[in-house]
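Next up, model-v3.cif (mmCIF, C-alpha atoms):
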data_structure
#
loop_
_atom_site.group_PDB
_atom_site.id
_atom_site.type_symbol
_atom_site.label_atom_id
_atom_site.label_comp_id
_atom_site.auth_asym_id
_atom_site.auth_seq_id
_atom_site.Cartn_x
_atom_site.Cartn_y
_atom_site.Cartn_z
ATOM 1 C CA MET H 1455 49.482 10.077 0.927
ATOM 2 C CA LYS H 1456 45.992 11.033 -0.317
ATOM 3 C CA THR H 1457 46.388 8.602 -3.215
ATOM 4 C CA PHE H 1458 47.230 5.795 -0.773
ATOM 5 C CA PHE H 1459 44.042 6.399 1.234
ATOM 6 C CA LYS H 1460 41.952 6.602 -1.959
ATOM 7 C CA ILE H 1461 43.316 3.220 -3.077
ATOM 8 C CA ILE H 1462 42.490 1.676 0.315
ATOM 9 C CA ILE H 1463 38.951 3.065 0.192
ATOM 10 C CA ILE H 1464 38.451 1.765 -3.369
ATOM 11 C CA PHE H 1465 39.574 -1.745 -2.340
ATOM 12 C CA PHE H 1466 37.310 -1.632 0.714
ATOM 13 C CA ILE H 1467 34.270 -0.580 -1.355
ATOM 14 C CA ALA H 1468 35.034 -3.065 -4.144
ATOM 15 C CA GLY H 1469 35.351 -5.879 -1.598
ATOM 16 C CA ARG H 1470 31.943 -5.029 -0.141
ATOM 17 C CA VAL H 1471 30.304 -4.749 -3.563
ATOM 18 C CA LEU H 1472 31.577 -8.206 -4.552
ATOM 19 C CA ALA H 1473 30.392 -9.812 -1.301
ATOM 20 C CA ALA H 1474 27.060 -11.213 -0.171
ATOM 21 C CA GLU H 1475 25.612 -11.888 3.274
ATOM 22 C CA PHE H 1476 24.856 -15.584 3.722
ATOM 23 C CA GLU H 1477 22.257 -16.086 6.481
ATOM 24 C CA TRP H 1478 21.519 -19.369 8.256
ATOM 25 C CA THR H 1479 18.718 -20.340 10.660
ATOM 26 C CA LEU H 1480 18.777 -23.732 12.356
ATOM 27 C CA THR H 1481 15.952 -24.998 14.580
ATOM 28 C CA GLY H 1482 15.461 -28.334 16.228
ATOM 29 C CA LYS H 1483 15.617 -30.486 19.317
ATOM 30 C CA ASP H 1484 18.677 -30.993 21.460
ATOM 31 C CA GLU H 1485 19.575 -33.053 24.487
ATOM 32 C CA TYR H 1486 22.361 -33.680 26.944
ATOM 33 C CA PRO H 1487 22.667 -37.492 27.151
ATOM 34 C CA PHE H 1488 25.535 -37.182 29.650
ATOM 35 C CA PHE H 1489 25.914 -34.421 32.214
ATOM 36 C CA GLU H 1490 28.137 -34.485 35.269
ATOM 37 C CA GLU H 1491 29.151 -31.768 37.699
ATOM 38 C CA TYR H 1492 32.392 -33.235 39.048
ATOM 39 C CA GLU H 1493 33.205 -30.301 41.362
ATOM 40 C CA LYS H 1494 31.346 -27.137 42.270
ATOM 41 C CA GLY H 1495 31.415 -24.959 39.148
ATOM 42 C CA LYS H 1496 32.969 -27.688 36.952
ATOM 43 C CA MET H 1497 30.781 -29.638 34.515
ATOM 44 C CA PHE H 1498 31.274 -31.954 31.577
ATOM 45 C CA MET H 1499 28.461 -32.721 29.148
ATOM 46 C CA LEU H 1500 27.799 -34.522 25.938
ATOM 47 C CA TYR H 1501 25.405 -32.701 23.641
ATOM 48 C CA LYS H 1502 23.535 -33.773 20.539
ATOM 49 C CA ASN H 1503 20.908 -32.262 18.347
ATOM 50 C CA GLU H 1504 19.005 -32.700 15.152
ATOM 51 C CA GLY H 1505 17.069 -30.152 13.245
ATOM 52 C CA GLN H 1506 16.322 -28.386 10.033
ATOM 53 C CA PHE H 1507 17.892 -25.301 8.495
ATOM 54 C CA THR H 1508 17.019 -22.585 6.043
ATOM 55 C CA THR H 1509 19.241 -19.981 4.419
ATOM 56 C CA ASN H 1510 18.626 -16.850 2.394
ATOM 57 C CA THR H 1511 19.511 -18.915 -0.702
ATOM 58 C CA THR H 1512 17.861 -21.980 -2.240
ATOM 59 C CA LEU H 1513 19.899 -24.123 0.193
ATOM 60 C CA PHE H 1514 17.867 -25.807 2.959
ATOM 61 C CA GLY H 1515 17.732 -29.202 4.635
ATOM 62 C CA THR H 1516 18.428 -31.163 7.815
ATOM 63 C CA GLN H 1517 21.280 -31.342 10.289
ATOM 64 C CA PHE H 1518 22.664 -33.759 12.902
ATOM 65 C CA ALA H 1519 25.334 -32.759 15.441
ATOM 66 C CA ALA H 1520 27.159 -33.937 18.549
ATOM 67 C CA ALA H 1521 29.559 -32.191 20.904
ATOM 68 C CA SER H 1522 31.520 -32.403 24.086
ATOM 69 C CA ILE H 1523 31.186 -29.333 26.292
ATOM 70 C CA GLU H 1524 33.091 -28.487 29.443
ATOM 71 C CA MET H 1525 32.263 -25.632 31.791
ATOM 72 C CA ILE H 1526 34.743 -24.518 34.403
ATOM 73 C CA ASN H 1527 33.618 -21.647 36.615
ATOM 74 C CA GLY H 1528 31.309 -20.305 33.902
ATOM 75 C CA LYS H 1529 33.827 -20.580 31.049
ATOM 76 C CA GLN H 1530 32.813 -22.889 28.225
ATOM 77 C CA THR H 1531 34.860 -24.931 25.784
ATOM 78 C CA GLN H 1532 33.194 -27.082 23.163
ATOM 79 C CA ASN H 1533 34.003 -29.329 20.243
ATOM 80 C CA LEU H 1534 31.007 -29.787 17.951
ATOM 81 C CA PHE H 1535 30.773 -31.684 14.654
ATOM 82 C CA ALA H 1536 27.698 -31.600 12.410
ATOM 83 C CA ILE H 1537 26.493 -33.201 9.201
ATOM 84 C CA VAL H 1538 24.241 -30.963 7.123
ATOM 85 C CA ILE H 1539 22.216 -32.513 4.308
ATOM 86 C CA ASP H 1540 20.542 -30.348 1.689
ATOM 87 C CA SER H 1541 17.211 -31.060 0.016
ATOM 88 C CA HIS H 1542 18.994 -33.038 -2.743
ATOM 89 C CA GLY H 1543 20.955 -35.250 -0.330
ATOM 90 C CA ASN H 1544 24.292 -33.427 -0.712
ATOM 91 C CA LYS H 1545 26.297 -33.531 2.510
ATOM 92 C CA GLY H 1546 28.316 -30.785 4.113
ATOM 93 C CA TYR H 1547 30.419 -31.034 7.273
ATOM 94 C CA VAL H 1548 30.587 -28.345 9.916
ATOM 95 C CA LYS H 1549 32.835 -28.026 12.954
ATOM 96 C CA SER H 1550 32.866 -25.559 15.824
ATOM 97 C CA VAL H 1551 35.561 -22.931 15.613
ATOM 98 C CA PRO H 1552 37.661 -22.740 18.757
ATOM 99 C CA THR H 1553 36.961 -19.357 20.285
ATOM 100 C CA GLU H 1554 38.406 -17.777 23.361
ATOM 101 C CA GLU H 1555 36.748 -19.205 26.410
ATOM 102 C CA LYS H 1556 33.820 -17.024 27.287
ATOM 103 C CA GLU H 1557 32.067 -16.236 30.505
ATOM 104 C CA ILE H 1558 28.442 -17.345 30.182
ATOM 105 C CA LYS H 1559 27.197 -17.406 33.776
ATOM 106 C CA GLY H 1560 24.520 -14.826 32.978
ATOM 107 C CA ASN H 1561 23.315 -16.891 30.033
ATOM 108 C CA MET H 1562 22.554 -20.109 31.859
ATOM 109 C CA LEU H 1563 19.151 -21.778 31.859
ATOM 110 C CA GLY H 1564 19.335 -23.576 35.175
ATOM 111 C CA ASN H 1565 22.590 -25.518 34.986
ATOM 112 C CA LYS H 1566 22.564 -25.769 31.154
ATOM 113 C CA VAL H 1567 23.586 -23.268 28.479
ATOM 114 C CA GLY H 1568 20.684 -20.899 27.737
ATOM 115 C CA THR H 1569 22.300 -18.685 25.107
ATOM 116 C CA SER H 1570 25.773 -18.421 23.706
ATOM 117 C CA VAL H 1571 27.630 -16.966 20.746
ATOM 118 C CA ALA H 1572 29.193 -19.667 18.626
ATOM 119 C CA SER H 1573 31.220 -19.813 15.416
ATOM 120 C CA PHE H 1574 31.244 -22.710 12.971
ATOM 121 C CA LYS H 1575 33.328 -23.497 9.908
ATOM 122 C CA ILE H 1576 32.175 -25.519 6.914
ATOM 123 C CA ILE H 1577 35.094 -27.932 6.498
ATOM 124 C CA SER H 1578 33.987 -30.141 3.597
ATOM 125 C CA GLY H 1579 31.095 -30.934 1.322
ATOM 126 C CA VAL H 1580 29.716 -31.724 -2.110
ATOM 127 C CA GLY H 1581 27.136 -30.063 -4.326
ATOM 128 C CA PRO H 1582 26.399 -26.513 -3.196
ATOM 129 C CA TRP H 1583 28.431 -27.080 -0.013
ATOM 130 C CA LYS H 1584 31.669 -26.911 -2.021
ATOM 131 C CA TYR H 1585 31.021 -23.163 -2.470
ATOM 132 C CA LEU H 1586 30.941 -22.707 1.315
ATOM 133 C CA VAL H 1587 33.992 -24.757 2.349
ATOM 134 C CA GLY H 1588 36.249 -22.603 4.487
ATOM 135 C CA ILE H 1589 33.704 -19.990 5.516
ATOM 136 C CA LYS H 1590 33.204 -19.227 9.190
ATOM 137 C CA MET H 1591 29.699 -18.446 10.381
ATOM 138 C CA ARG H 1592 29.071 -16.634 13.623
ATOM 139 C CA GLY H 1593 25.720 -16.702 15.354
ATOM 140 C CA VAL H 1594 23.718 -17.035 18.531
ATOM 141 C CA TYR H 1595 22.341 -20.235 20.071
ATOM 142 C CA TYR H 1596 19.057 -19.849 21.969
ATOM 143 C CA SER H 1597 17.685 -22.579 24.206
ATOM 144 C CA MET H 1598 13.903 -22.337 24.003
ATOM 145 C CA GLY H 1599 13.332 -24.823 26.824
ATOM 146 C CA ASP H 1600 12.045 -28.412 26.705
ATOM 147 C CA GLY H 1601 14.887 -29.353 24.340
ATOM 148 C CA HIS H 1602 14.015 -26.873 21.582
ATOM 149 C CA PHE H 1603 16.669 -24.530 20.195
ATOM 150 C CA ILE H 1604 17.358 -21.935 17.513
ATOM 151 C CA TRP H 1605 20.760 -20.991 16.072
ATOM 152 C CA LYS H 1606 20.825 -17.901 13.873
ATOM 153 C CA GLY H 1607 23.952 -16.640 12.171
ATOM 154 C CA GLY H 1608 25.789 -16.106 8.961
ATOM 155 C CA ALA H 1609 28.884 -14.942 7.131
ATOM 156 C CA THR H 1610 30.016 -12.696 4.332
ATOM 157 C CA ILE H 1611 30.848 -14.794 1.271
ATOM 158 C CA PRO H 1612 31.928 -13.940 -2.279
ATOM 159 C CA ASP H 1613 28.959 -12.793 -4.348
ATOM 160 C CA ASP H 1614 29.923 -15.299 -7.049
ATOM 161 C CA ASN H 1615 29.630 -18.208 -4.553
ATOM 162 C CA PHE H 1616 26.260 -16.901 -3.360
ATOM 163 C CA LYS H 1617 25.021 -16.972 -6.970
ATOM 164 C CA LYS H 1618 26.457 -20.482 -7.515
ATOM 165 C CA ILE H 1619 24.588 -21.786 -4.455
ATOM 166 C CA ASP H 1620 21.348 -20.168 -5.625
ATOM 167 C CA GLY H 1621 21.846 -21.505 -9.139
ATOM 168 C CA TYR H 1622 22.931 -25.015 -8.120
ATOM 169 C CA ILE H 1623 21.028 -27.662 -10.077
ATOM 170 C CA HIS H 1624 21.068 -31.214 -8.831
ATOM 171 C CA LYS H 1625 22.163 -33.746 -11.490
ATOM 172 C CA GLU H 1626 18.727 -35.371 -11.461
ATOM 173 C CA ASN H 1627 17.139 -32.034 -12.414
ATOM 174 C CA GLU H 1628 19.497 -31.224 -15.286
ATOM 175 C CA ASN H 1629 18.165 -31.610 -18.822
#
Mind turning this structure into C-alpha coordinates?
Amino acid sequence: MKTFFKIIIIFFIAGRVLAAEFEWTLTGKDEYPFFEEYEKGKMFMLYKNEGQFTTNTTLFGTQFAAASIEMINGKQTQNLFAIVIDSHGNKGYVKSVPTEEKEIKGNMLGNKVGTSVASFKIISGVGPWKYLVGIKMRGVYYSMGDGHFIWKGGATIPDDNFKKIDGYIHKENEN
(Lines of atoms letter the chains of each structure in order from A and count residues from 1; the text may use other names and numbers.)
(Lines give C-alpha, C1' and ligand atoms only; values in the text may rest on other atoms or scores of the structure.)
Protein backbone atom coordinates (compact mmCIF):
# COMPACT_ATOMS: atom_id res chain seq x y z
CA MET A 1 0.00 0.00 0.00
CA LYS A 2 2.88 2.40 0.78
CA THR A 3 4.30 1.79 -2.70
CA PHE A 4 0.94 2.70 -4.26
CA PHE A 5 0.85 6.05 -2.42
CA LYS A 6 4.49 6.76 -3.35
CA ILE A 7 3.68 6.17 -7.03
CA ILE A 8 0.68 8.53 -6.83
CA ILE A 9 2.79 11.23 -5.17
CA ILE A 10 5.54 10.85 -7.81
CA PHE A 11 3.00 11.24 -10.64
CA PHE A 12 1.47 14.27 -8.92
CA ILE A 13 4.87 15.96 -8.47
CA ALA A 14 6.02 15.07 -11.99
CA GLY A 15 2.80 16.49 -13.45
CA ARG A 16 3.35 19.78 -11.60
CA VAL A 17 7.01 19.99 -12.62
CA LEU A 18 6.11 19.54 -16.30
CA ALA A 19 3.36 22.19 -16.17
CA ALA A 20 3.39 25.96 -16.48
CA GLU A 21 0.91 28.63 -15.40
CA PHE A 22 -0.40 30.56 -18.41
CA GLU A 23 -1.74 33.97 -17.32
CA TRP A 24 -4.02 36.21 -19.38
CA THR A 25 -5.15 39.81 -18.83
CA LEU A 26 -7.74 41.35 -21.13
CA THR A 27 -8.80 45.01 -20.93
CA GLY A 28 -11.10 47.00 -23.12
CA LYS A 29 -14.48 48.56 -23.73
CA ASP A 30 -17.77 46.71 -23.66
CA GLU A 31 -21.38 47.56 -24.31
CA TYR A 32 -24.85 46.10 -24.17
CA PRO A 33 -26.46 47.03 -27.53
CA PHE A 34 -29.68 45.24 -26.55
CA PHE A 35 -31.04 44.95 -23.03
CA GLU A 36 -34.58 44.03 -22.06
CA GLU A 37 -36.12 43.14 -18.72
CA TYR A 38 -39.15 41.15 -19.88
CA GLU A 39 -40.44 40.34 -16.37
CA LYS A 40 -39.31 41.36 -12.91
CA GLY A 41 -36.00 39.59 -12.32
CA LYS A 42 -35.76 38.27 -15.91
CA MET A 43 -33.44 39.97 -18.41
CA PHE A 44 -31.99 39.22 -21.82
CA MET A 45 -29.01 41.13 -23.18
CA LEU A 46 -26.66 41.16 -26.08
CA TYR A 47 -23.08 41.97 -25.13
CA LYS A 48 -20.05 42.89 -27.18
CA ASN A 49 -16.57 44.04 -26.43
CA GLU A 50 -13.22 44.77 -27.95
CA GLY A 51 -9.93 45.09 -26.25
CA GLN A 52 -6.32 44.14 -25.96
CA PHE A 53 -4.67 41.29 -24.08
CA THR A 54 -1.32 40.42 -22.61
CA THR A 55 -0.04 37.11 -21.28
CA ASN A 56 2.98 36.04 -19.28
CA THR A 57 4.48 34.81 -22.58
CA THR A 58 5.43 36.67 -25.76
CA LEU A 59 1.79 36.32 -26.89
CA PHE A 60 -0.21 39.58 -26.93
CA GLY A 61 -2.70 41.28 -29.21
CA THR A 62 -6.33 42.33 -29.68
CA GLN A 63 -9.69 40.68 -29.15
CA PHE A 64 -13.29 41.06 -30.36
CA ALA A 65 -16.23 39.25 -28.72
CA ALA A 66 -20.01 39.03 -28.67
CA ALA A 67 -22.42 37.18 -26.41
CA SER A 68 -26.00 36.58 -25.49
CA ILE A 69 -26.65 36.71 -21.75
CA GLU A 70 -29.82 35.84 -19.89
CA MET A 71 -30.45 36.52 -16.22
CA ILE A 72 -33.33 34.87 -14.42
CA ASN A 73 -33.71 35.77 -10.76
CA GLY A 74 -29.99 36.51 -10.43
CA LYS A 75 -28.79 33.37 -12.24
CA GLN A 76 -26.78 34.00 -15.38
CA THR A 77 -26.32 31.95 -18.53
CA GLN A 78 -24.15 33.18 -21.36
CA ASN A 79 -22.82 32.14 -24.74
CA LEU A 80 -19.77 34.16 -25.74
CA PHE A 81 -17.56 33.81 -28.83
CA ALA A 82 -14.33 35.76 -29.31
CA ILE A 83 -11.67 36.22 -31.97
CA VAL A 84 -8.20 36.85 -30.57
CA ILE A 85 -5.50 38.16 -32.90
CA ASP A 86 -1.85 38.11 -31.88
CA SER A 87 0.74 40.72 -32.80
CA HIS A 88 1.60 38.78 -35.99
CA GLY A 89 -2.01 38.52 -37.18
CA ASN A 90 -2.52 34.87 -36.16
CA LYS A 91 -6.11 34.21 -35.13
CA GLY A 92 -7.39 32.14 -32.26
CA TYR A 93 -11.02 31.42 -31.39
CA VAL A 94 -12.39 31.37 -27.87
CA LYS A 95 -15.79 30.30 -26.57
CA SER A 96 -17.36 30.52 -23.14
CA VAL A 97 -17.46 27.26 -21.24
CA PRO A 98 -20.93 26.40 -19.99
CA THR A 99 -20.75 26.54 -16.22
CA GLU A 100 -23.40 25.83 -13.67
CA GLU A 101 -25.72 28.77 -13.41
CA LYS A 102 -24.44 31.03 -10.69
CA GLU A 103 -26.10 33.46 -8.37
CA ILE A 104 -24.63 36.91 -9.01
CA LYS A 105 -27.12 39.27 -7.35
CA GLY A 106 -24.41 40.61 -5.04
CA ASN A 107 -22.13 41.30 -7.99
CA MET A 108 -24.42 43.56 -9.97
CA LEU A 109 -23.52 47.09 -11.01
CA GLY A 110 -26.98 48.59 -11.20
CA ASN A 111 -28.89 46.20 -13.45
CA LYS A 112 -25.77 44.99 -15.33
CA VAL A 113 -23.12 42.43 -14.39
CA GLY A 114 -20.44 44.05 -12.21
CA THR A 115 -18.19 41.05 -11.59
CA SER A 116 -18.44 37.40 -12.42
CA VAL A 117 -16.28 34.30 -12.65
CA ALA A 118 -16.10 32.99 -16.18
CA SER A 119 -14.35 30.13 -17.97
CA PHE A 120 -13.31 30.14 -21.61
CA LYS A 121 -11.92 27.47 -23.92
CA ILE A 122 -9.61 28.08 -26.86
CA ILE A 123 -11.35 26.06 -29.58
CA SER A 124 -9.20 26.71 -32.66
CA GLY A 125 -6.32 28.75 -33.96
CA VAL A 126 -3.12 29.05 -35.97
CA GLY A 127 0.41 30.10 -35.10
CA PRO A 128 0.99 30.08 -31.35
CA TRP A 129 -2.74 29.52 -30.75
CA LYS A 130 -2.41 25.90 -31.90
CA TYR A 131 -0.48 25.21 -28.66
CA LEU A 132 -3.44 26.44 -26.61
CA VAL A 133 -6.33 24.68 -28.40
CA GLY A 134 -8.36 22.75 -25.85
CA ILE A 135 -7.22 24.59 -22.74
CA LYS A 136 -9.82 26.07 -20.40
CA MET A 137 -9.03 29.36 -18.72
CA ARG A 138 -10.84 30.49 -15.62
CA GLY A 139 -10.86 34.09 -14.49
CA VAL A 140 -12.76 37.06 -13.15
CA TYR A 141 -14.54 39.76 -15.15
CA TYR A 142 -14.57 43.22 -13.55
CA SER A 143 -16.77 46.02 -14.84
CA MET A 144 -14.88 49.25 -14.21
CA GLY A 145 -17.83 51.47 -15.13
CA ASP A 146 -18.39 53.64 -18.21
CA GLY A 147 -17.97 50.58 -20.45
CA HIS A 148 -14.45 49.68 -19.31
CA PHE A 149 -13.64 46.14 -18.18
CA ILE A 150 -10.82 43.84 -17.11
CA TRP A 151 -10.77 40.03 -17.35
CA LYS A 152 -7.91 38.31 -15.55
CA GLY A 153 -7.42 34.56 -15.58
CA GLY A 154 -5.35 31.67 -16.73
CA ALA A 155 -4.77 27.94 -16.89
CA THR A 156 -2.16 25.30 -16.25
CA ILE A 157 -0.68 24.14 -19.56
CA PRO A 158 2.11 21.72 -20.47
CA ASP A 159 5.51 23.32 -19.95
CA ASP A 160 6.50 22.28 -23.48
CA ASN A 161 3.55 24.26 -24.96
CA PHE A 162 4.46 27.28 -22.83
CA LYS A 163 7.99 27.18 -24.29
CA LYS A 164 6.62 26.76 -27.85
CA ILE A 165 4.44 29.86 -27.44
CA ASP A 166 7.37 31.86 -26.07
CA GLY A 167 9.63 30.62 -28.85
CA TYR A 168 7.12 31.05 -31.68
CA ILE A 169 8.67 32.86 -34.64
CA HIS A 170 6.41 34.31 -37.27
CA LYS A 171 7.29 33.18 -40.82
CA GLU A 172 8.20 36.74 -41.81
CA ASN A 173 10.82 36.84 -39.03
CA GLU A 174 12.47 33.51 -39.86
CA ASN A 175 15.87 33.61 -41.56
Env of Ala1536 (chain H): 12 Å cut, atoms = all atoms listed in the file, seq-sep filter 4 positions within chain, self excluded. Answer as a PyMOL selection string.
chain H and resi 1480+1501-1505+1516-1521+1545-1550+1574-1579
Which value, in Å to one decimal, gives the distance between CA of Gly1528 (chain H) and CA of Ala1609 (chain H)?
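These two atoms are separated by 27.4 Å.
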Separating CA of Glu1524 (chain H) from CA of Ala1572 (chain H), to the nearest tenth of an Å, is a gap of 14.5 Å
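When CA of Gly1607 (chain H) is paired with CA of Thr1569 (chain H), their separation reads 13.2 Å.
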Skipping near chain neighbours, those fewer than 4 positions away, what residues fall within 10 Å of Gly1515 (chain H) using all atoms listed in the file, listed as an MDAnalysis selection string?
chainID H and resid 1480 1505:1509 1538:1545
Residues matched by the PyMOL selection byres ((chain H and resi 1599-1606) around 7) as number ranges by chain:
H: 1478-1485, 1593-1598, 1607
Residues within 7 Å of (22.9, -34.2, 28.3), file coordinates, counting all atoms listed in the file: what are they? Give the list as a ChimeraX atom specification.
/H:1485-1489,1499-1501
Take the residues just selected and output them with C-alpha atoms as a CSV table (one decimal), in the coordinates of the input.
chain,number,residue,atom,x,y,z
H,1485,GLU,CA,19.6,-33.1,24.5
H,1486,TYR,CA,22.4,-33.7,26.9
H,1487,PRO,CA,22.7,-37.5,27.2
H,1488,PHE,CA,25.5,-37.2,29.6
H,1489,PHE,CA,25.9,-34.4,32.2
H,1499,MET,CA,28.5,-32.7,29.1
H,1500,LEU,CA,27.8,-34.5,25.9
H,1501,TYR,CA,25.4,-32.7,23.6
Residues picked by the PyMOL selection byres ((chain H and resi 1612) around 6) here, as a PDB file with C-alpha atoms, in the coordinates of the input?
ATOM      1  CA  ALA H1473      30.392  -9.812  -1.301  1.00  0.00           C
ATOM      2  CA  ALA H1474      27.060 -11.213  -0.171  1.00  0.00           C
ATOM      3  CA  ILE H1611      30.848 -14.794   1.271  1.00  0.00           C
ATOM      4  CA  ASP H1613      28.959 -12.793  -4.348  1.00  0.00           C
ATOM      5  CA  ASP H1614      29.923 -15.299  -7.049  1.00  0.00           C
ATOM      6  CA  ASN H1615      29.630 -18.208  -4.553  1.00  0.00           C
TER       7      ASN H1615
END
Using all atoms listed in the file and a cutoff of 6 Å, can you tell me which residues are near (34.0, -28.6, 31.3) in the file's coordinates, and write them out as a PyMOL selection string?
chain H and resi 1496-1498+1523-1526
Coordinates of box centre and edge lengths for region 1518-1529 of chain H, 4 Å on every side, axis-aligned, as AutoDock Vina command-line options:
--center_x 28.7 --center_y -27.1 --center_z 24.8 --size_x 20.1 --size_y 21.6 --size_z 31.7
Return the single residue from H:Gly1621, H:Lys1529, H:Phe1616, H:Phe1476 that is closest to Arg1592 (chain H), with distances computed using only C-alpha atoms.
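Residue with the minimum atom-to-atom distance to Arg1592 (chain H): H:Phe1476.
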Rebuild region 1603-1623 of chain H to N, CA and C atoms - output it as a PDB file, in the frame of the given file, please.
ATOM      1  N   PHE H1603      15.646 -25.566  20.334  1.00  0.00           N
ATOM      2  CA  PHE H1603      16.669 -24.530  20.195  1.00  0.00           C
ATOM      3  C   PHE H1603      16.559 -23.839  18.834  1.00  0.00           C
ATOM      4  N   ILE H1604      17.195 -22.678  18.759  1.00  0.00           N
ATOM      5  CA  ILE H1604      17.358 -21.935  17.513  1.00  0.00           C
ATOM      6  C   ILE H1604      18.810 -21.479  17.457  1.00  0.00           C
ATOM      7  N   TRP H1605      19.444 -21.612  16.308  1.00  0.00           N
ATOM      8  CA  TRP H1605      20.760 -20.991  16.072  1.00  0.00           C
ATOM      9  C   TRP H1605      20.603 -20.110  14.846  1.00  0.00           C
ATOM     10  N   LYS H1606      20.966 -18.856  14.971  1.00  0.00           N
ATOM     11  CA  LYS H1606      20.825 -17.901  13.873  1.00  0.00           C
ATOM     12  C   LYS H1606      22.162 -17.215  13.682  1.00  0.00           C
ATOM     13  N   GLY H1607      22.668 -17.261  12.442  1.00  0.00           N
ATOM     14  CA  GLY H1607      23.952 -16.640  12.171  1.00  0.00           C
ATOM     15  C   GLY H1607      24.194 -16.496  10.690  1.00  0.00           C
ATOM     16  N   GLY H1608      25.449 -16.253  10.359  1.00  0.00           N
ATOM     17  CA  GLY H1608      25.789 -16.106   8.961  1.00  0.00           C
ATOM     18  C   GLY H1608      27.225 -15.682   8.759  1.00  0.00           C
ATOM     19  N   ALA H1609      27.530 -15.341   7.507  1.00  0.00           N
ATOM     20  CA  ALA H1609      28.884 -14.942   7.131  1.00  0.00           C
ATOM     21  C   ALA H1609      28.818 -14.135   5.843  1.00  0.00           C
ATOM     22  N   THR H1610      29.858 -13.380   5.612  1.00  0.00           N
ATOM     23  CA  THR H1610      30.016 -12.696   4.332  1.00  0.00           C
ATOM     24  C   THR H1610      30.776 -13.632   3.415  1.00  0.00           C
ATOM     25  N   ILE H1611      30.212 -13.900   2.238  1.00  0.00           N
ATOM     26  CA  ILE H1611      30.848 -14.794   1.271  1.00  0.00           C
ATOM     27  C   ILE H1611      30.984 -14.067  -0.065  1.00  0.00           C
ATOM     28  N   PRO H1612      31.840 -14.560  -0.952  1.00  0.00           N
ATOM     29  CA  PRO H1612      31.928 -13.940  -2.279  1.00  0.00           C
ATOM     30  C   PRO H1612      30.575 -13.986  -2.993  1.00  0.00           C
ATOM     31  N   ASP H1613      30.217 -12.888  -3.632  1.00  0.00           N
ATOM     32  CA  ASP H1613      28.959 -12.793  -4.348  1.00  0.00           C
ATOM     33  C   ASP H1613      28.828 -13.904  -5.394  1.00  0.00           C
ATOM     34  N   ASP H1614      29.929 -14.244  -6.040  1.00  0.00           N
ATOM     35  CA  ASP H1614      29.923 -15.299  -7.049  1.00  0.00           C
ATOM     36  C   ASP H1614      29.508 -16.646  -6.432  1.00  0.00           C
ATOM     37  N   ASN H1615      30.009 -16.964  -5.232  1.00  0.00           N
ATOM     38  CA  ASN H1615      29.630 -18.208  -4.553  1.00  0.00           C
ATOM     39  C   ASN H1615      28.158 -18.196  -4.154  1.00  0.00           C
ATOM     40  N   PHE H1616      27.677 -17.041  -3.707  1.00  0.00           N
ATOM     41  CA  PHE H1616      26.260 -16.901  -3.360  1.00  0.00           C
ATOM     42  C   PHE H1616      25.401 -17.242  -4.580  1.00  0.00           C
ATOM     43  N   LYS H1617      25.767 -16.712  -5.733  1.00  0.00           N
ATOM     44  CA  LYS H1617      25.021 -16.972  -6.970  1.00  0.00           C
ATOM     45  C   LYS H1617      25.129 -18.442  -7.386  1.00  0.00           C
ATOM     46  N   LYS H1618      26.291 -19.066  -7.172  1.00  0.00           N
ATOM     47  CA  LYS H1618      26.457 -20.482  -7.515  1.00  0.00           C
ATOM     48  C   LYS H1618      25.570 -21.367  -6.637  1.00  0.00           C
ATOM     49  N   ILE H1619      25.461 -21.021  -5.366  1.00  0.00           N
ATOM     50  CA  ILE H1619      24.588 -21.786  -4.455  1.00  0.00           C
ATOM     51  C   ILE H1619      23.143 -21.644  -4.919  1.00  0.00           C
ATOM     52  N   ASP H1620      22.723 -20.413  -5.180  1.00  0.00           N
ATOM     53  CA  ASP H1620      21.348 -20.168  -5.625  1.00  0.00           C
ATOM     54  C   ASP H1620      21.054 -20.838  -6.953  1.00  0.00           C
ATOM     55  N   GLY H1621      22.054 -20.931  -7.824  1.00  0.00           N
ATOM     56  CA  GLY H1621      21.846 -21.505  -9.139  1.00  0.00           C
ATOM     57  C   GLY H1621      22.182 -22.976  -9.236  1.00  0.00           C
ATOM     58  N   TYR H1622      22.537 -23.607  -8.086  1.00  0.00           N
ATOM     59  CA  TYR H1622      22.931 -25.015  -8.120  1.00  0.00           C
ATOM     60  C   TYR H1622      21.768 -25.878  -8.594  1.00  0.00           C
ATOM     61  N   ILE H1623      22.038 -26.728  -9.561  1.00  0.00           N
ATOM     62  CA  ILE H1623      21.028 -27.662 -10.077  1.00  0.00           C
ATOM     63  C   ILE H1623      21.518 -29.077  -9.817  1.00  0.00           C
TER      64      ILE H1623
END
